[in-house]
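So the structure is just underneath, and the comments pick up after that.
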Amino acid sequence: MADIIIKNGYILTMDPSLENIKNGVVVIEDGRIADVCENTEETADTVIDAQGNVVMPGFVNTHTHAGMTLFRGYADDLALSDWLENHIWPAEAELTASDVYAGTRLACLEMVKSGTIAFADMYFFMEEVGKVVESSGLRAALSYGMIELWDEEKGKTELKKGKAFVNEWNGKAGGRISAMYGPHAPNTCSKEFLMKVREQATVDNAKIHIHVLETEAELNQMKEQYGMCSVNMLDSIDFFGPDVLAAHCVWLSDGDMDILRNNNVNISHNPVSNMKLASGIAPVTKLLDRGANVCLGTDGCASNNNLGMFEEMKAAALLQKVDTMDPMALPARQVLEMATVNGAKALDINSGMIRNGYNADVIIVDMNKAHLSPLYDVPSHLVYSAGSSDVRTTIVNGKVLMDDYRVICMDEQNVIDEGRDAAEELISRVDAKK
Ligand SMILES: C[C@H]1O[C@@H](n2cnc3c(O)ncnc32)[C@H](O)[C@@H]1O
Ligand SMILES: [Zn+2]
């Protein structure tokens with residue numbers, strides 16, 4: 001007997017070797033997808049009727065700062081350096097562990113409700129983030145955000161904290177959590193520090209999550225300081241490899257793209273954040289044409305201002321079309337791959353496809369809605385018209401986290417109330433310091 005059977009749904013497999021099934025069945029057993037077929041004789045403890053729904057792999061958000069939900073709408077309409085240095089960093093100086101706990105719970109609630117099954121996070125008080133991920137049932141690749149600012153002593157303590165987190169949390173929650181090193185960016189961490197991080201990550205067999213060439217200001221700073229851009233500098237210290245997740249990568253030259261591709265670096269594209277902070281447009285189609293693994297992220301809630309992957313997919317597609325002046329650029333199917341298959345590859349998890357043996361990280365999207373009718377093409381609707389609130393059911397590791405719009409893995413109202421209270425107290429502490 002299986003654990004869960006989802007029947008009568010349109011199965012969007014995202015598996016190049018398995019066609020979509022118009023009216024199919026997904027069988028889930030022991031946290032894995034046990035069968036994907038047209039019919040089954042199998043019985044299960046839980047049977048979900050997905051008539052009129054799409055059954056698909058859940059989304060992988062490859063770049064966020066979950067705890068920043070507490071700063072949603074706090075400092076809008078600013079350029080990155082002003083936003084970060086004059087608003088966000090002073091506010092983050094007042095953050096406590098319980099703030100990050102409350103903010104991350106709010107983030108995980110939003111992610112469960114909007115169909116995200118895994119996320120890559122870089123922030124502070126990461127033990128709190130680990131606890132929330134563990135209890136929420138989600139998957140995550142977590143990193144402590146190390147900001148060294150050319151201070152050798154600070155660098156030592158930052159690396160110590162990063163290492164302690166990796167050593168304690170890698171593989172936790174039955175393997176749902178992986179721990180990465182999170183050096184913030186090449187313009188906030190020295191070359192010497194980044195070399196140490198690279199070395200330590202290799203020793204610990206841990207991956208690295210870093211912001212790269214997000215803004216033109218970073219490009220100019222790097223050229224002034226090193227006579228070369230961030231990608232060339234990182235390449236000169238053999239930083240890159242398939243274990244690196246580089247967020248943003250907006251200001252890339254053709255040569256930089258070749259370096260990233262040749263080193264199999266995973267690139268997290270964050271179109272909404274890049275538009276909101278006016279950072280620029282990442283050359284996504286050029287990277288994909290080169291065969292690079294480009295995935296999708298939201299960035300934190302202070303620069304987005306939500307964690308919805310439907311919105312991110314639409315923004316990614318539209319931005320490439322207008323940038324290249326080519327309406328055929330980044331079609332719906334390709335952007336769906338970025339949000340599922342490519343994201344799973346970046347985090348090295350067996351998710352992102354509805355395939356036998358893969359993790360049962362599955363979402364059910366309700367297509368019986370005015371804005372999704374009529375239905376000619378499923379990828380088209382998912383990218384151009386569906387939204388977060390169309391996700392009906394979210395399953396991670398074979399466990400139902402949201403069932404028919406009802407969140408099971410946490411007390412929704414309590415998470416919202418505690419997030420709001422934590423934000424209010426945090427901002428009054430920040431204001432008192434002004
Ligand atoms: C972990 C630190 O990273 C900061 N942060 C959040 N969003 C961005 C971004 O788009 N670029 C650079 N740094 C960012 C966050 O506030 C933490 O201080
Ligand atoms: Zn970021």
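We label chains A, B, ... in the order they appear in the structure tokens, count residues from 1 in each chain, and number ligands from 1 in the order shown.
Residues in contact with Pro331 (chain A) at up to 9 Å, not including ones fewer than 3 positions away on its chain and judged by only C-alpha atoms, are A:Ala317, A:Lys321, A:Pro327, A:Met328, A:Gln334, A:Val335, A:Leu336, A:Ser380.
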Neighbours of ligand 1 within 9 Å, counting only C-alpha atoms and all ligand atoms, as a CSV table (one decimal) with C-alpha atoms, in the first residue's frame?
```
chain,number,residue,atom,x,y,z
A,64,THR,CA,16.9,34.3,-0.6
A,65,HIS,CA,17.4,35.7,2.8
A,68,MET,CA,14.3,39.4,5.8
A,80,LEU,CA,21.4,48.8,-3.7
A,81,SER,CA,24.3,50.5,-1.9
A,84,LEU,CA,22.0,48.1,2.1
A,88,ILE,CA,19.2,47.4,5.8
A,89,TRP,CA,22.5,46.9,7.6
A,92,GLU,CA,20.0,44.2,10.8
A,121,ASP,CA,19.3,30.9,2.1
A,122,MET,CA,22.1,33.2,3.3
A,123,TYR,CA,21.6,35.1,6.5
A,124,PHE,CA,22.4,35.4,10.2
A,143,SER,CA,24.6,29.4,4.7
A,144,TYR,CA,25.8,31.9,7.3
A,145,GLY,CA,26.4,35.2,5.5
A,146,MET,CA,30.0,36.1,6.2
A,147,ILE,CA,30.8,39.8,5.7
A,182,GLY,CA,28.2,32.0,2.4
A,183,PRO,CA,30.8,34.7,1.8
A,184,HIS,CA,28.6,37.7,1.0
A,185,ALA,CA,30.2,39.1,-2.1
A,211,HIS,CA,26.5,37.3,-4.6
A,212,VAL,CA,28.5,38.0,-7.8
A,214,GLU,CA,25.0,42.3,-8.9
A,215,THR,CA,25.6,46.0,-9.7
A,247,ALA,CA,23.5,34.9,-7.2
A,248,HIS,CA,22.6,37.7,-9.6
A,270,ASN,CA,16.8,37.2,-9.4
A,273,SER,CA,15.1,42.2,-7.1
A,274,ASN,CA,17.3,43.3,-10.0
A,277,LEU,CA,17.0,47.9,-7.1
A,279,SER,CA,20.7,46.7,-10.7
A,299,ASP,CA,16.2,37.4,-3.1
A,300,GLY,CA,15.0,38.6,0.2
A,301,CYS,CA,11.6,40.2,1.0
A,302,ALA,CA,13.2,43.7,1.4
A,303,SER,CA,14.1,43.8,-2.3
```
Check: What is the CA of Thr96 (chain A) to CA of Lys207 (chain A) distance in Å?
Finding: 26.3 Å
Next item on the list: Can you check which residues of region 88-219 of chain A DSSP gives as strand (DSSP E or B) on the backbone and send them as a list in words?
Entry: Thr116, Ile117, Ala118, Phe119, Ala120, Asp121, Met122, Tyr123, Arg139, Ala140, Ala141, Leu142, Ser143, Tyr144, Gly145, Met146, Ile177, Ser178, Ala179, Met180, Tyr181, Gly182, Pro183, Ile208, His209, Ile210, His211 and Val212 of chain A
The selected residues should be written to file as a PDB file, in the first residue's frame (atoms: N, CA and C atoms).
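So part.pdb came out as:
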```pdb
ATOM      1  N   THR A 116       6.831  26.444  -3.124  1.00  0.00           N
ATOM      2  CA  THR A 116       8.288  26.240  -3.083  1.00  0.00           C
ATOM      3  C   THR A 116       8.589  25.054  -2.168  1.00  0.00           C
ATOM      4  N   ILE A 117       9.428  24.152  -2.655  1.00  0.00           N
ATOM      5  CA  ILE A 117       9.746  22.947  -1.856  1.00  0.00           C
ATOM      6  C   ILE A 117      11.155  23.008  -1.282  1.00  0.00           C
ATOM      7  N   ALA A 118      11.985  23.882  -1.823  1.00  0.00           N
ATOM      8  CA  ALA A 118      13.364  24.005  -1.317  1.00  0.00           C
ATOM      9  C   ALA A 118      13.870  25.415  -1.589  1.00  0.00           C
ATOM     10  N   PHE A 119      14.777  25.883  -0.713  1.00  0.00           N
ATOM     11  CA  PHE A 119      15.335  27.215  -0.941  1.00  0.00           C
ATOM     12  C   PHE A 119      16.793  27.272  -0.487  1.00  0.00           C
ATOM     13  N   ALA A 120      17.539  28.189  -1.116  1.00  0.00           N
ATOM     14  CA  ALA A 120      18.924  28.439  -0.707  1.00  0.00           C
ATOM     15  C   ALA A 120      18.930  29.769   0.033  1.00  0.00           C
ATOM     16  N   ASP A 121      19.403  29.733   1.259  1.00  0.00           N
ATOM     17  CA  ASP A 121      19.324  30.900   2.129  1.00  0.00           C
ATOM     18  C   ASP A 121      20.711  31.344   2.584  1.00  0.00           C
ATOM     19  N   MET A 122      20.894  32.653   2.686  1.00  0.00           N
ATOM     20  CA  MET A 122      22.136  33.195   3.252  1.00  0.00           C
ATOM     21  C   MET A 122      21.729  34.286   4.231  1.00  0.00           C
ATOM     22  N   TYR A 123      21.991  34.048   5.530  1.00  0.00           N
ATOM     23  CA  TYR A 123      21.602  35.080   6.488  1.00  0.00           C
ATOM     24  C   TYR A 123      22.356  34.913   7.798  1.00  0.00           C
ATOM     25  N   ARG A 139      12.801  21.706   2.403  1.00  0.00           N
ATOM     26  CA  ARG A 139      14.222  21.445   2.190  1.00  0.00           C
ATOM     27  C   ARG A 139      14.938  22.787   2.089  1.00  0.00           C
ATOM     28  N   ALA A 140      16.217  22.832   2.458  1.00  0.00           N
ATOM     29  CA  ALA A 140      16.955  24.096   2.300  1.00  0.00           C
ATOM     30  C   ALA A 140      18.455  23.858   2.271  1.00  0.00           C
ATOM     31  N   ALA A 141      19.126  24.757   1.551  1.00  0.00           N
ATOM     32  CA  ALA A 141      20.592  24.812   1.538  1.00  0.00           C
ATOM     33  C   ALA A 141      20.940  26.111   2.256  1.00  0.00           C
ATOM     34  N   LEU A 142      21.464  25.999   3.471  1.00  0.00           N
ATOM     35  CA  LEU A 142      21.597  27.169   4.346  1.00  0.00           C
ATOM     36  C   LEU A 142      23.045  27.608   4.490  1.00  0.00           C
ATOM     37  N   SER A 143      23.252  28.914   4.518  1.00  0.00           N
ATOM     38  CA  SER A 143      24.611  29.409   4.730  1.00  0.00           C
ATOM     39  C   SER A 143      24.594  30.635   5.638  1.00  0.00           C
ATOM     40  N   TYR A 144      25.576  30.685   6.507  1.00  0.00           N
ATOM     41  CA  TYR A 144      25.760  31.877   7.335  1.00  0.00           C
ATOM     42  C   TYR A 144      26.423  32.942   6.463  1.00  0.00           C
ATOM     43  N   GLY A 145      25.829  34.125   6.374  1.00  0.00           N
ATOM     44  CA  GLY A 145      26.359  35.197   5.525  1.00  0.00           C
ATOM     45  C   GLY A 145      27.573  35.852   6.161  1.00  0.00           C
ATOM     46  N   MET A 146      28.739  35.578   5.606  1.00  0.00           N
ATOM     47  CA  MET A 146      29.990  36.101   6.185  1.00  0.00           C
ATOM     48  C   MET A 146      30.352  37.416   5.488  1.00  0.00           C
ATOM     49  N   ILE A 177      18.252  19.294   5.001  1.00  0.00           N
ATOM     50  CA  ILE A 177      19.077  20.505   5.106  1.00  0.00           C
ATOM     51  C   ILE A 177      20.503  20.203   4.653  1.00  0.00           C
ATOM     52  N   SER A 178      21.025  21.068   3.778  1.00  0.00           N
ATOM     53  CA  SER A 178      22.466  21.021   3.524  1.00  0.00           C
ATOM     54  C   SER A 178      23.012  22.380   3.968  1.00  0.00           C
ATOM     55  N   ALA A 179      24.276  22.396   4.372  1.00  0.00           N
ATOM     56  CA  ALA A 179      24.863  23.661   4.840  1.00  0.00           C
ATOM     57  C   ALA A 179      25.979  24.069   3.887  1.00  0.00           C
ATOM     58  N   MET A 180      25.988  25.344   3.547  1.00  0.00           N
ATOM     59  CA  MET A 180      26.971  25.876   2.603  1.00  0.00           C
ATOM     60  C   MET A 180      27.784  26.966   3.292  1.00  0.00           C
ATOM     61  N   TYR A 181      28.891  27.365   2.671  1.00  0.00           N
ATOM     62  CA  TYR A 181      29.593  28.567   3.102  1.00  0.00           C
ATOM     63  C   TYR A 181      28.977  29.748   2.356  1.00  0.00           C
ATOM     64  N   GLY A 182      28.820  30.879   3.054  1.00  0.00           N
ATOM     65  CA  GLY A 182      28.154  32.033   2.440  1.00  0.00           C
ATOM     66  C   GLY A 182      28.954  33.321   2.502  1.00  0.00           C
ATOM     67  N   PRO A 183      30.122  33.391   1.830  1.00  0.00           N
ATOM     68  CA  PRO A 183      30.815  34.688   1.768  1.00  0.00           C
ATOM     69  C   PRO A 183      29.923  35.658   0.995  1.00  0.00           C
ATOM     70  N   ILE A 208      29.273  26.535  -1.836  1.00  0.00           N
ATOM     71  CA  ILE A 208      29.446  27.968  -1.548  1.00  0.00           C
ATOM     72  C   ILE A 208      28.338  28.769  -2.223  1.00  0.00           C
ATOM     73  N   HIS A 209      27.772  29.697  -1.464  1.00  0.00           N
ATOM     74  CA  HIS A 209      26.710  30.583  -1.967  1.00  0.00           C
ATOM     75  C   HIS A 209      27.237  32.014  -1.852  1.00  0.00           C
ATOM     76  N   ILE A 210      27.242  32.755  -2.952  1.00  0.00           N
ATOM     77  CA  ILE A 210      27.849  34.098  -2.956  1.00  0.00           C
ATOM     78  C   ILE A 210      27.116  35.015  -3.946  1.00  0.00           C
ATOM     79  N   HIS A 211      27.023  36.315  -3.610  1.00  0.00           N
ATOM     80  CA  HIS A 211      26.519  37.299  -4.578  1.00  0.00           C
ATOM     81  C   HIS A 211      27.672  37.640  -5.528  1.00  0.00           C
ATOM     82  N   VAL A 212      27.397  37.709  -6.818  1.00  0.00           N
ATOM     83  CA  VAL A 212      28.452  38.047  -7.794  1.00  0.00           C
ATOM     84  C   VAL A 212      27.938  39.066  -8.819  1.00  0.00           C
TER      85      VAL A 212
END
```
Checklist line | Option closest in space to ligand 2, from A:Ala91, A:Glu153, A:Thr62, A:Glu85 [counting only C-alpha atoms and all ligand atoms] | finding: A:Thr62
